[in-house]
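Here's upload39.cif, which has mmCIF, C-alpha atoms:
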data_input
loop_
_atom_site.label_atom_id
_atom_site.label_comp_id
_atom_site.auth_asym_id
_atom_site.auth_seq_id
_atom_site.Cartn_x
_atom_site.Cartn_y
_atom_site.Cartn_z
CA MET S 573 -26.64 -8.70 37.45
CA LYS S 574 -23.11 -8.64 38.79
CA ASN S 575 -21.99 -10.01 35.46
CA SER S 576 -23.66 -7.20 33.51
CA VAL S 577 -22.03 -4.56 35.71
CA HIS S 578 -18.65 -6.12 35.01
CA VAL S 579 -19.36 -6.05 31.26
CA LEU S 580 -20.46 -2.40 31.37
CA VAL S 581 -17.58 -1.21 33.52
CA PHE S 582 -15.01 -3.12 31.49
CA SER S 583 -16.25 -1.94 28.10
CA GLY S 584 -16.54 1.63 29.41
CA ILE S 585 -12.97 1.67 30.65
CA LEU S 586 -11.66 -0.02 27.51
CA ALA S 587 -13.46 2.45 25.25
CA MET S 588 -12.08 5.39 27.25
CA VAL S 589 -8.52 4.05 27.19
CA CYS S 590 -8.64 3.32 23.44
CA ALA S 591 -10.15 6.73 22.65
CA ILE S 592 -7.60 8.61 24.74
CA LEU S 593 -4.72 6.64 23.25
CA LEU S 594 -5.90 7.25 19.68
CA TYR S 595 -6.49 10.94 20.32
CA ALA S 596 -3.11 11.40 21.96
CA VAL S 597 -1.23 9.61 19.19
CA THR S 598 -2.97 11.38 16.30
CA GLN S 599 -2.49 14.78 17.96
CA PHE S 600 1.14 14.06 18.72
CA THR S 601 2.01 12.84 15.22
CA GLU S 602 -0.05 15.36 13.26
CA PRO S 603 2.68 17.96 12.59
CA LEU S 604 5.11 15.27 11.49
CA ARG S 605 2.56 13.63 9.22
CA LYS S 606 1.70 17.00 7.68
CA ILE S 607 5.36 17.70 6.86
CA ASN S 608 5.74 14.25 5.31
CA GLU S 609 2.65 14.65 3.14
CA GLU S 610 3.66 18.15 2.11
CA THR S 611 7.22 17.20 1.17
CA ASP S 612 5.99 14.18 -0.71
CA LYS S 613 3.79 16.42 -2.82
CA ASP S 614 6.59 18.94 -3.33
CA ARG S 615 9.03 16.19 -4.26
CA ASN S 616 6.69 15.01 -7.00
CA PHE S 617 6.20 18.55 -8.32
CA LEU S 618 9.96 19.13 -8.40
CA SER S 619 10.62 15.80 -10.04
CA ALA S 620 7.95 16.41 -12.72
CA LEU S 621 9.36 19.86 -13.41
CA GLY S 622 12.85 18.42 -13.72
CA VAL S 623 14.33 20.37 -10.82
CA PRO S 624 17.49 18.58 -9.65
CA ILE S 625 16.96 17.07 -6.18
CA PRO S 626 19.98 15.90 -4.19
CA LYS S 627 19.84 12.33 -2.88
CA ASN S 628 18.73 11.76 0.74
CA VAL S 629 17.51 15.32 0.99
CA LYS S 630 15.88 16.27 4.31
CA PRO S 631 12.24 17.47 4.31
CA ARG S 632 13.16 21.04 5.29
CA GLU S 633 15.86 21.32 2.61
CA LEU S 634 13.36 20.07 0.04
CA LEU S 635 10.82 22.72 1.03
CA ASN S 636 13.63 25.23 0.71
CA ILE S 637 14.50 24.10 -2.83
CA PHE S 638 10.83 24.29 -3.71
CA GLU S 639 10.49 27.85 -2.42
CA LYS S 640 13.62 29.06 -4.20
CA ASN S 641 12.87 27.57 -7.62
CA VAL S 642 9.12 27.42 -7.94
CA LYS S 643 6.73 30.36 -8.31
CA ILE S 644 3.01 29.81 -7.83
CA LYS S 645 0.70 31.75 -10.14
CA LYS S 646 -2.92 31.70 -11.20
CA ILE S 647 -4.27 31.83 -14.71
CA GLY S 648 -8.04 31.93 -14.61
CA LYS S 649 -9.16 29.17 -12.26
CA ILE S 650 -6.01 27.12 -12.70
CA THR S 651 -3.07 27.26 -10.31
CA ILE S 652 0.24 26.84 -12.07
CA TYR S 653 3.73 26.24 -10.70
CA GLU S 654 6.51 27.90 -12.68
CA TYR S 655 10.02 26.53 -12.49
CA ILE S 656 12.37 29.50 -12.62
CA PRO S 657 15.85 28.29 -11.64
CA GLU S 658 17.46 30.21 -8.81
CA THR S 659 20.46 31.00 -11.02
CA SER S 660 18.39 32.13 -14.00
CA LYS S 661 19.03 35.73 -15.10
CA SER S 662 16.15 36.13 -17.52
CA GLY S 663 13.61 35.12 -14.88
CA LYS S 664 11.73 33.13 -17.49
CA PRO S 665 10.20 29.81 -16.52
CA ILE S 666 11.70 26.72 -18.13
CA ALA S 667 8.84 24.42 -17.10
CA ILE S 668 5.33 24.78 -15.74
CA ALA S 669 3.46 22.30 -13.55
CA VAL S 670 -0.30 21.95 -13.33
CA PRO S 671 -1.87 19.73 -10.66
CA PHE S 672 -4.89 17.56 -11.37
CA SER S 673 -7.05 15.16 -9.40
CA GLY S 674 -10.11 12.98 -9.66
CA PRO S 675 -11.66 9.72 -8.52
CA GLY S 676 -9.62 6.58 -9.08
CA PHE S 677 -10.78 2.97 -9.03
CA TRP S 678 -10.38 2.58 -5.25
CA ALA S 679 -9.51 6.02 -3.92
CA PRO S 680 -8.91 9.56 -5.20
CA ILE S 681 -5.94 10.03 -7.51
CA LYS S 682 -3.85 13.18 -7.37
CA GLY S 683 -1.10 14.03 -9.78
CA VAL S 684 0.83 16.74 -11.51
CA LEU S 685 1.55 17.42 -15.18
CA ALA S 686 4.66 19.37 -16.13
CA PHE S 687 4.71 21.36 -19.39
CA GLU S 688 7.26 23.10 -21.54
CA PRO S 689 6.91 26.91 -21.42
CA ASP S 690 4.51 26.73 -24.40
CA LEU S 691 1.93 25.14 -22.06
CA LEU S 692 1.14 22.58 -24.77
CA THR S 693 3.93 20.03 -24.71
CA ILE S 694 4.11 17.62 -21.78
CA ARG S 695 7.44 17.35 -20.04
CA GLY S 696 6.52 14.83 -17.38
CA ILE S 697 3.78 13.43 -15.20
CA ARG S 698 3.70 12.18 -11.62
CA PHE S 699 0.97 10.67 -9.48
CA TYR S 700 1.64 11.62 -5.88
CA GLN S 701 -1.47 10.06 -4.41
CA GLN S 702 -2.99 6.85 -5.71
CA GLU S 703 -4.18 3.59 -4.23
CA GLU S 704 -4.87 1.65 -7.43
CA THR S 705 -4.47 -2.12 -7.53
CA PRO S 706 -0.75 -2.92 -7.40
CA GLY S 707 0.48 -4.56 -10.60
CA LEU S 708 -2.56 -3.35 -12.57
CA GLY S 709 -3.88 0.18 -12.03
CA GLY S 710 -0.94 0.85 -9.73
CA GLU S 711 1.24 0.80 -12.85
CA ILE S 712 0.31 4.48 -13.36
CA ALA S 713 3.06 5.17 -10.85
CA SER S 714 5.61 3.18 -12.85
CA LYS S 715 8.29 4.63 -15.08
CA TRP S 716 7.19 3.02 -18.36
CA PHE S 717 3.71 4.54 -18.14
CA GLN S 718 4.93 7.99 -17.13
CA ASP S 719 7.64 7.95 -19.80
CA GLU S 720 4.91 7.59 -22.44
CA PHE S 721 3.81 11.15 -21.72
CA LYS S 722 7.12 12.85 -22.50
CA GLY S 723 6.77 15.02 -25.59
CA LYS S 724 3.03 14.43 -25.94
CA LYS S 725 0.75 17.44 -26.38
CA ILE S 726 -2.65 18.44 -25.04
CA VAL S 727 -3.95 19.03 -28.56
CA SER S 728 -4.49 16.45 -31.28
CA LYS S 729 -2.97 16.65 -34.78
CA ASN S 730 -6.08 18.54 -35.89
CA GLY S 731 -5.71 21.08 -33.09
CA GLU S 732 -8.50 19.67 -30.92
CA PRO S 733 -7.70 20.12 -27.19
CA GLY S 734 -8.04 17.06 -24.92
CA PHE S 735 -6.21 13.92 -23.93
CA ARG S 736 -6.75 10.23 -24.70
CA ILE S 737 -5.58 6.98 -23.16
CA VAL S 738 -6.19 4.34 -25.81
CA LYS S 739 -6.22 0.57 -26.03
CA SER S 740 -3.57 -0.08 -28.60
CA GLY S 741 -4.99 -3.45 -29.74
CA GLY S 742 -1.94 -5.30 -30.97
CA LYS S 743 1.46 -4.02 -31.89
CA SER S 744 0.46 -2.34 -35.17
CA LYS S 745 -1.95 0.21 -33.73
CA LYS S 746 0.07 2.20 -31.20
CA ALA S 747 -1.13 5.43 -29.66
CA ASN S 748 -0.01 7.57 -32.56
CA ASP S 749 -1.85 10.81 -32.02
CA THR S 750 0.01 13.69 -30.42
CA ASN S 751 -2.35 13.69 -27.45
CA ALA S 752 -2.72 9.97 -26.72
CA VAL S 753 -0.84 7.30 -24.79
CA ASP S 754 -1.30 3.55 -24.40
CA ALA S 755 -3.60 2.31 -21.67
CA ILE S 756 -2.56 -0.22 -19.04
CA THR S 757 -3.50 -3.82 -19.85
CA GLY S 758 -5.87 -5.25 -17.28
CA ALA S 759 -6.59 -1.85 -15.74
CA THR S 760 -9.31 -0.45 -17.97
CA ARG S 761 -11.14 1.28 -15.12
CA THR S 762 -8.08 3.08 -13.85
CA SER S 763 -7.08 4.05 -17.39
CA GLU S 764 -10.55 5.47 -18.06
CA ARG S 765 -10.57 7.50 -14.89
CA VAL S 766 -7.08 8.88 -15.45
CA GLU S 767 -8.07 9.74 -19.02
CA ARG S 768 -11.10 11.65 -17.75
CA MET S 769 -9.06 13.81 -15.37
CA LEU S 770 -6.29 14.45 -17.91
CA ASP S 771 -8.83 15.32 -20.61
CA LYS S 772 -10.48 17.80 -18.26
CA VAL S 773 -7.23 19.50 -17.25
CA ALA S 774 -6.10 19.59 -20.90
CA LYS S 775 -9.29 21.32 -22.06
CA GLU S 776 -9.34 23.81 -19.20
CA LEU S 777 -5.71 24.64 -19.63
CA TYR S 778 -6.11 25.11 -23.38
CA LYS S 779 -8.88 27.63 -22.72
CA GLU S 780 -6.90 29.63 -20.14
CA ARG S 781 -3.70 29.43 -22.09
CA LYS S 782 -4.38 32.68 -23.99
CA ASN S 783 -4.45 34.58 -20.69
CA TYR S 784 -1.04 33.31 -19.69
CA VAL S 785 1.52 36.09 -19.61
CA ARG S 786 5.12 35.12 -19.32
CA MET Y 1348 -6.00 -32.16 12.92
CA SER Y 1349 -6.47 -32.28 16.70
CA ASP Y 1350 -7.68 -29.29 18.65
CA SER Y 1351 -4.49 -28.88 20.58
CA ALA Y 1352 -2.57 -28.50 17.36
CA VAL Y 1353 -4.45 -25.36 16.37
CA GLY Y 1354 -4.02 -24.00 19.84
CA LEU Y 1355 -7.65 -24.25 20.89
CA ALA Y 1356 -7.03 -26.19 24.07
CA THR Y 1357 -3.45 -25.31 24.89
CA GLY Y 1358 -3.72 -25.26 28.65
CA SER Y 1359 -5.60 -22.99 31.00
CA GLY Y 1360 -2.67 -20.67 31.45
CA THR Y 1361 -2.16 -21.61 35.08
CA THR Y 1362 0.77 -23.91 34.43
CA LYS Y 1363 4.02 -22.35 33.40
CA PRO Y 1364 4.96 -23.26 29.81
CA ASN Y 1365 8.28 -25.07 29.46
CA LYS Y 1366 10.90 -24.88 26.72
CA LYS Y 1367 9.27 -27.66 24.73
CA LYS Y 1368 5.98 -25.79 24.67
CA TYR Y 1369 7.69 -22.67 23.37
CA LEU Y 1370 9.30 -24.64 20.56
CA GLU Y 1371 6.03 -26.39 19.72
CA THR Y 1372 4.20 -23.08 19.64
CA PHE Y 1373 6.83 -21.56 17.40
CA LEU Y 1374 6.96 -24.45 14.94
CA GLY Y 1375 3.19 -24.63 14.96
CA GLY Y 1376 2.81 -21.08 13.73
CA VAL Y 1377 5.59 -21.30 11.20
CA TYR Y 1378 4.73 -24.68 9.69
CA ASN Y 1379 2.66 -27.36 11.45
CA THR Y 1380 -0.49 -25.27 11.90
CA ASN Y 1381 0.46 -22.54 9.44
CA PRO Y 1382 -2.26 -19.87 9.24
CA VAL Y 1383 -2.54 -20.15 5.45
CA THR Y 1384 -1.70 -23.73 4.46
CA VAL Y 1385 -3.43 -25.47 7.37
CA GLN Y 1386 -5.99 -23.07 8.84
CA VAL Y 1387 -6.65 -21.18 5.57
CA LEU Y 1388 -6.95 -17.84 7.37
CA GLY Y 1389 -6.03 -14.34 6.20
CA ILE Y 1390 -6.86 -15.19 2.60
CA CYS Y 1391 -8.34 -11.75 1.85
CA ILE Y 1392 -5.00 -10.01 2.30
CA PHE Y 1393 -3.22 -12.99 0.79
CA LEU Y 1394 -5.12 -12.40 -2.46
CA ALA Y 1395 -4.34 -8.70 -2.45
CA VAL Y 1396 -0.67 -8.45 -1.56
CA THR Y 1397 0.85 -11.46 -3.30
CA ILE Y 1398 0.82 -9.58 -6.61
CA ARG Y 1399 4.24 -8.16 -5.76
CA VAL Y 1400 7.05 -9.72 -3.74
CA GLN Y 1401 7.81 -6.37 -2.16
CA ASN Y 1402 4.23 -5.91 -0.93
CA ALA Y 1403 4.25 -9.44 0.42
CA ILE Y 1404 7.41 -8.81 2.44
CA VAL Y 1405 6.15 -5.51 3.87
CA MET Y 1406 2.77 -7.02 4.77
CA GLY Y 1407 4.38 -10.09 6.33
CA LEU Y 1408 6.65 -7.95 8.50
CA ALA Y 1409 3.76 -5.68 9.50
CA LEU Y 1410 1.71 -8.69 10.50
CA ILE Y 1411 4.53 -10.07 12.68
CA VAL Y 1412 4.56 -6.79 14.61
CA VAL Y 1413 0.78 -6.56 14.90
CA LEU Y 1414 0.30 -10.20 15.92
CA THR Y 1415 3.03 -10.03 18.56
CA GLY Y 1416 1.61 -6.79 19.96
CA THR Y 1417 -2.07 -7.67 20.01
CA ASN Y 1418 -1.40 -11.13 21.43
CA LEU Y 1419 0.58 -9.48 24.24
CA PHE Y 1420 -2.20 -7.04 25.14
CA VAL Y 1421 -5.01 -9.57 24.88
CA SER Y 1422 -3.01 -11.99 27.01
CA LEU Y 1423 -2.29 -9.35 29.65
CA LEU Y 1424 -5.98 -8.49 29.89
CA ARG Y 1425 -7.27 -12.07 29.56
CA ALA Y 1426 -8.22 -12.41 33.23
CA TYR Y 1427 -10.36 -9.25 33.16
CA ILE Y 1428 -12.09 -9.58 29.78
CA PRO Y 1429 -15.74 -10.64 30.30
CA ARG Y 1430 -16.30 -13.78 28.25
CA ARG Y 1431 -19.54 -12.58 26.71
CA ILE Y 1432 -17.98 -9.57 24.99
CA ARG Y 1433 -14.49 -10.97 24.49
CA MET Y 1434 -14.57 -10.79 20.70
CA ILE Y 1435 -15.60 -7.13 20.62
CA VAL Y 1436 -12.85 -6.40 23.11
CA GLU Y 1437 -10.32 -8.24 20.97
CA VAL Y 1438 -11.34 -6.25 17.92
CA ALA Y 1439 -11.13 -2.98 19.85
CA ILE Y 1440 -7.62 -3.81 21.03
CA ILE Y 1441 -6.52 -4.88 17.54
CA ALA Y 1442 -8.01 -1.81 15.85
CA THR Y 1443 -6.48 0.61 18.35
CA PHE Y 1444 -3.08 -1.04 18.05
CA VAL Y 1445 -3.10 -1.03 14.24
CA ILE Y 1446 -4.27 2.58 13.93
CA ILE Y 1447 -1.60 3.78 16.38
CA LEU Y 1448 1.03 1.83 14.46
CA ASP Y 1449 -0.19 3.36 11.19
CA GLN Y 1450 -0.03 6.89 12.60
CA LEU Y 1451 3.49 6.33 13.91
CA LEU Y 1452 4.63 4.92 10.56
CA ARG Y 1453 3.20 7.95 8.76
CA ALA Y 1454 5.06 10.26 11.09
CA TYR Y 1455 8.43 8.51 11.30
CA TYR Y 1456 8.67 6.02 8.42
CA TRP Y 1457 6.87 7.76 5.58
CA GLU Y 1458 8.30 5.60 2.80
CA MET Y 1459 7.26 2.39 4.49
CA SER Y 1460 3.78 3.67 5.25
CA LYS Y 1461 3.39 4.69 1.60
CA GLN Y 1462 4.17 1.15 0.51
CA LEU Y 1463 1.69 -0.32 2.95
CA GLY Y 1464 -0.87 2.21 1.76
CA PRO Y 1465 -4.38 0.80 1.74
CA TYR Y 1466 -3.31 -2.50 3.28
CA VAL Y 1467 -2.81 -1.14 6.79
CA ALA Y 1468 -6.53 -0.87 7.43
CA LEU Y 1469 -6.90 -4.40 6.03
CA ILE Y 1470 -4.70 -5.78 8.81
CA ILE Y 1471 -7.49 -5.04 11.31
CA THR Y 1472 -9.80 -7.38 9.45
CA ASN Y 1473 -7.20 -10.11 9.02
CA CYS Y 1474 -8.70 -13.23 10.57
CA ILE Y 1475 -5.29 -14.42 11.71
CA VAL Y 1476 -4.97 -11.54 14.18
CA MET Y 1477 -8.41 -12.16 15.63
CA GLY Y 1478 -7.90 -15.93 15.42
CA ARG Y 1479 -4.69 -15.92 17.44
CA ALA Y 1480 -6.14 -13.55 20.04
CA GLU Y 1481 -9.20 -15.76 20.44
CA ALA Y 1482 -7.53 -19.17 20.17
CA PHE Y 1483 -4.24 -18.57 21.92
CA ALA Y 1484 -3.74 -15.28 23.77
CA MET Y 1485 -7.03 -15.59 25.69
CA GLN Y 1486 -5.76 -18.83 27.27
CA ASN Y 1487 -2.02 -18.31 27.62
CA PRO Y 1488 0.48 -16.11 29.51
CA PRO Y 1489 1.93 -13.02 27.75
CA LEU Y 1490 5.38 -14.28 26.79
CA ILE Y 1491 4.32 -17.46 25.01
CA SER Y 1492 1.45 -15.52 23.41
CA MET Y 1493 4.00 -13.17 21.89
CA VAL Y 1494 5.96 -16.17 20.60
CA ASP Y 1495 2.76 -17.54 19.10
CA GLY Y 1496 1.99 -14.19 17.46
CA ALA Y 1497 5.46 -13.80 16.00
CA ALA Y 1498 5.50 -17.42 14.80
CA ASN Y 1499 2.19 -17.07 13.00
CA GLY Y 1500 3.41 -13.83 11.48
CA ILE Y 1501 6.54 -15.59 10.21
CA GLY Y 1502 4.39 -18.44 8.94
CA TYR Y 1503 2.27 -15.92 7.05
CA LEU Y 1504 5.31 -14.05 5.73
CA TRP Y 1505 6.98 -17.02 4.09
CA ILE Y 1506 3.78 -18.21 2.45
CA LEU Y 1507 3.10 -14.70 1.11
CA VAL Y 1508 6.62 -14.45 -0.29
CA ALA Y 1509 6.50 -17.92 -1.85
CA VAL Y 1510 3.19 -17.25 -3.62
CA SER Y 1511 4.12 -13.70 -4.65
CA LEU Y 1512 7.33 -14.97 -6.29
CA VAL Y 1513 5.22 -17.11 -8.61
CA ARG Y 1514 2.53 -14.49 -9.22
CA GLU Y 1515 4.89 -11.59 -9.91
CA LEU Y 1516 7.07 -13.68 -12.20
CA ILE Y 1517 4.21 -15.05 -14.29
CA GLY Y 1518 1.99 -11.97 -14.05
CA SER Y 1519 4.52 -9.18 -14.56
CA GLY Y 1520 7.67 -11.00 -15.62
CA THR Y 1521 9.57 -9.38 -12.77
CA ILE Y 1522 10.82 -10.23 -9.29
CA LEU Y 1523 11.04 -7.40 -6.76
CA GLY Y 1524 10.60 -5.02 -9.69
CA TYR Y 1525 13.60 -6.39 -11.63
CA THR Y 1526 12.77 -7.73 -15.05
CA ILE Y 1527 13.35 -11.46 -15.34
CA LEU Y 1528 11.19 -12.32 -18.33
CA SER Y 1529 11.52 -9.55 -20.90
CA THR Y 1530 8.29 -8.28 -22.43
CA SER Y 1531 9.94 -8.42 -25.86
CA TRP Y 1532 9.28 -12.16 -25.99
CA TYR Y 1533 7.23 -12.89 -22.87
CA GLU Y 1534 3.50 -12.13 -22.89
CA ARG Y 1535 2.48 -11.19 -19.34
CA ASN Y 1536 -0.23 -13.47 -17.92
CA ILE Y 1537 -2.70 -11.02 -16.36
CA LEU Y 1538 -4.65 -13.90 -14.80
CA PHE Y 1539 -1.91 -14.23 -12.21
CA LEU Y 1540 -2.34 -10.61 -11.13
CA LEU Y 1541 -6.04 -11.18 -10.51
CA ALA Y 1542 -7.59 -13.16 -7.67
CA PRO Y 1543 -7.76 -16.51 -9.57
CA GLY Y 1544 -3.95 -16.45 -9.83
CA ALA Y 1545 -3.73 -16.41 -6.05
CA PHE Y 1546 -6.24 -19.21 -5.67
CA ILE Y 1547 -4.42 -21.38 -8.20
CA THR Y 1548 -0.96 -20.76 -6.75
CA GLY Y 1549 -2.17 -20.97 -3.15
CA GLY Y 1550 -4.16 -24.12 -3.82
CA LEU Y 1551 -1.19 -25.84 -5.42
CA LEU Y 1552 1.02 -24.82 -2.49
CA ILE Y 1553 -1.44 -26.21 0.05
CA TRP Y 1554 -1.61 -29.44 -1.96
CA VAL Y 1555 2.18 -29.81 -2.06
CA ILE Y 1556 2.55 -29.10 1.66
CA ASN Y 1557 -0.22 -31.52 2.59
CA ALA Y 1558 1.33 -34.19 0.37
CA ILE Y 1559 4.70 -33.70 2.07
CA ASN Y 1560 3.09 -33.86 5.53
CA LEU Y 1561 1.17 -36.98 4.61
CA SER Y 1562 4.25 -38.84 3.39
CA THR Y 1563 6.32 -37.88 6.44
CA ASN Y 1564 3.48 -38.95 8.73
CA LYS Y 1565 3.38 -42.33 7.03
CA GLU Y 1566 7.10 -42.76 7.52
CA ASP Y 1567 6.73 -41.83 11.18
CA ALA Y 1568 4.04 -44.46 11.57
CA LYS Y 1569 6.33 -47.14 10.21
#
Would you mind writing the structure in this file as structure tokens?
Amino acid sequence: MKNSVHVLVFSGILAMVCAILLYAVTQFTEPLRKINEETDKDRNFLSALGVPIPKNVKPRELLNIFEKNVKIKKIGKITIYEYIPETSKSGKPIAIAVPFSGPGFWAPIKGVLAFEPDLLTIRGIRFYQQEETPGLGGEIASKWFQDEFKGKKIVSKNGEPGFRIVKSGGKSKKANDTNAVDAITGATRTSERVERMLDKVAKELYKERKNYVR
Amino acid sequence: MSDSAVGLATGSGTTKPNKKKYLETFLGGVYNTNPVTVQVLGICIFLAVTIRVQNAIVMGLALIVVLTGTNLFVSLLRAYIPRRIRMIVEVAIIATFVIILDQLLRAYYWEMSKQLGPYVALIITNCIVMGRAEAFAMQNPPLISMVDGAANGIGYLWILVAVSLVRELIGSGTILGYTILSTSWYERNILFLLAPGAFITGGLLIWVINAINLSTNKEDAK
């Protein structure tokens, strides 16, 4: 009996202490975590758009650069981020970013596609949230994979909207179409899922593109 | 392997540990009773992080911190923890400690926490953390428990780095992200990025270390 009381009292106190500690720490760190997550997203948007970012920039300065150079707009259901340089006189965007997201192999993937002002040609791509297997699916975050997208389009040679990630199958059969890139070897699942989300954003964007007024 | 070597019967904690005991504890964690090569613990994370040298280093360092911390807290509370529920209590302490650490990293060391990514939660389930709390910290005073934790963390770190060097080189042709074997003539061996690669490399490493131990033991006997 005495033993059971000890067990109950001890576990009760331990649970209370752990709960209070966890609550206190999460509450205390929340604003800082928010800023970090926010700047990380903004940094990826800026980098995809090709906005120059100084090295070792502080979070607040980065948010400032973002606010000064990027204008958020809506065309249809899609939110777009226009890069209009601070110094620009014409006020015309020189690049446009469109975010996308979807399920990955392990956890949700979030990324951003940057386009030329024609909203057809891809300027860059970044994945700012992904937890794919390092070395395999995690390669979506690497430079060689993202470099593949530069200059690609969201329409095929025949004018069909969409996007493909293809298995190249040997050196002769590269991803030749205007709207296709090579998949990652050993990461078929991740490649498929990324293809699905890019295909979706490509088709939606192609539809809304007519309504886009510069 | 005797019980005392794995720290199962290392004193009741009433006697004060001397210098020799500290050294033994330290060497035990780092080599003699290494968590991976001798006890074969923490293999789940070992499979996951040894794909890249960088991940291995970050995970090894994180585990040193977690092991030292949880061993300290378990050791401090060891006189009050009811024996019947000691394992649940150990897990609660470990989980709380790891989550707090994760939150602090996200707030103050964003880059590092991004690298650790999904692995942080995995630390909670690492058998080494639980194993050291159960086998060592429950029976020993705080200071030597911290030494034991740190030593096992270091023991884990060097094994992770050793295996990841092989896996990253053969699997990706790089070391720490720098290309060593160019893809122009080297065909990457994907097998080494998958779990079998870790079992093969880890198994060979355990074999080599056991062979070395065996031969030195024989020499000692002579």
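Separating CA of Ile1390 (chain Y) from CA of Ala1545 (chain Y) is a distance of 9.3 Å.
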query = Excluding same-chain residues fewer than 5 positions from region 1548-1552 of chain Y, what lies within 9 Å of it counting only C-alpha atoms, as a list in words?
reply =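 Near neighbours after the sequence-gap exclusion: Val1383, Thr1384, Phe1393, Ile1506, Ala1509, Val1510, Ser1511, Val1513, Arg1514, Phe1539, Pro1543 and Asn1557 of chain Y.
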query = How many Å lie between CA of Leu1388 (chain Y) and CA of Ile1404 (chain Y), rounded to one decimal?
reply =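 For CA of Leu1388 (chain Y) relative to CA of Ile1404 (chain Y), the distance reads 17.7 Å.
In terms of minimum interatomic distance to Ile1440 (chain Y), S:Leu593 ranks closest within S:Lys643, S:Leu593, S:Ala759, S:Asn575, counting all atoms listed in the file.
Taking CA of Ile1517 (chain Y) and CA of Trp716 (chain S) as endpoints, the distance between them is 18.8 Å.
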I'd like the residues picked by the PyMOL selection byres ((chain Y) within 8 of (chain S)) written out as a CSV table (one decimal) with C-alpha atoms, in the coordinates of the input, using the chain letters and numbers from the file.
chain,number,residue,atom,x,y,z
Y,1398,ILE,CA,0.8,-9.6,-6.6
Y,1399,ARG,CA,4.2,-8.2,-5.8
Y,1427,TYR,CA,-10.4,-9.2,33.2
Y,1428,ILE,CA,-12.1,-9.6,29.8
Y,1429,PRO,CA,-15.7,-10.6,30.3
Y,1431,ARG,CA,-19.5,-12.6,26.7
Y,1432,ILE,CA,-18.0,-9.6,25.0
Y,1436,VAL,CA,-12.8,-6.4,23.1
Y,1439,ALA,CA,-11.1,-3.0,19.8
Y,1440,ILE,CA,-7.6,-3.8,21.0
Y,1443,THR,CA,-6.5,0.6,18.4
Y,1446,ILE,CA,-4.3,2.6,13.9
Y,1447,ILE,CA,-1.6,3.8,16.4
Y,1450,GLN,CA,0.0,6.9,12.6
Y,1451,LEU,CA,3.5,6.3,13.9
Y,1453,ARG,CA,3.2,8.0,8.8
Y,1454,ALA,CA,5.1,10.3,11.1
Y,1455,TYR,CA,8.4,8.5,11.3
Y,1457,TRP,CA,6.9,7.8,5.6
Y,1464,GLY,CA,-0.9,2.2,1.8
Y,1465,PRO,CA,-4.4,0.8,1.7
Y,1519,SER,CA,4.5,-9.2,-14.6
Y,1537,ILE,CA,-2.7,-11.0,-16.4
Y,1540,LEU,CA,-2.3,-10.6,-11.1
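Across S:Lys725, S:Lys661, S:Lys715, S:Arg632, the tightest approach to Ala774 (chain S) is made by S:Lys725 when counting all atoms listed in the file.
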Please complete region 1536-1543 of chain Y so it has N, CA, C and O atoms, and hand it over as a compact mmCIF listing (two decimals), keeping the file's coordinate frame.
# COMPACT_ATOMS: atom_id res chain seq x y z
N ASN Y 1536 1.03 -12.78 -18.16
CA ASN Y 1536 -0.23 -13.47 -17.92
C ASN Y 1536 -1.01 -12.74 -16.83
O ASN Y 1536 -0.77 -12.93 -15.64
N ILE Y 1537 -1.96 -11.89 -17.28
CA ILE Y 1537 -2.70 -11.02 -16.36
C ILE Y 1537 -3.49 -11.84 -15.33
O ILE Y 1537 -3.72 -11.40 -14.21
N LEU Y 1538 -3.88 -13.05 -15.71
CA LEU Y 1538 -4.65 -13.90 -14.80
C LEU Y 1538 -3.97 -14.01 -13.44
O LEU Y 1538 -4.62 -14.04 -12.41
N PHE Y 1539 -2.63 -14.04 -13.45
CA PHE Y 1539 -1.91 -14.23 -12.21
C PHE Y 1539 -1.87 -12.97 -11.35
O PHE Y 1539 -1.50 -13.01 -10.19
N LEU Y 1540 -2.25 -11.83 -11.93
CA LEU Y 1540 -2.34 -10.61 -11.13
C LEU Y 1540 -3.73 -10.46 -10.52
O LEU Y 1540 -3.94 -9.68 -9.62
N LEU Y 1541 -4.68 -11.23 -11.04
CA LEU Y 1541 -6.04 -11.18 -10.51
C LEU Y 1541 -6.23 -12.29 -9.47
O LEU Y 1541 -5.39 -13.18 -9.35
N ALA Y 1542 -7.36 -12.22 -8.77
CA ALA Y 1542 -7.59 -13.16 -7.67
C ALA Y 1542 -7.43 -14.64 -8.05
O ALA Y 1542 -6.83 -15.40 -7.28
N PRO Y 1543 -7.92 -15.08 -9.23
CA PRO Y 1543 -7.76 -16.51 -9.57
C PRO Y 1543 -6.30 -16.97 -9.50
O PRO Y 1543 -6.03 -18.10 -9.09
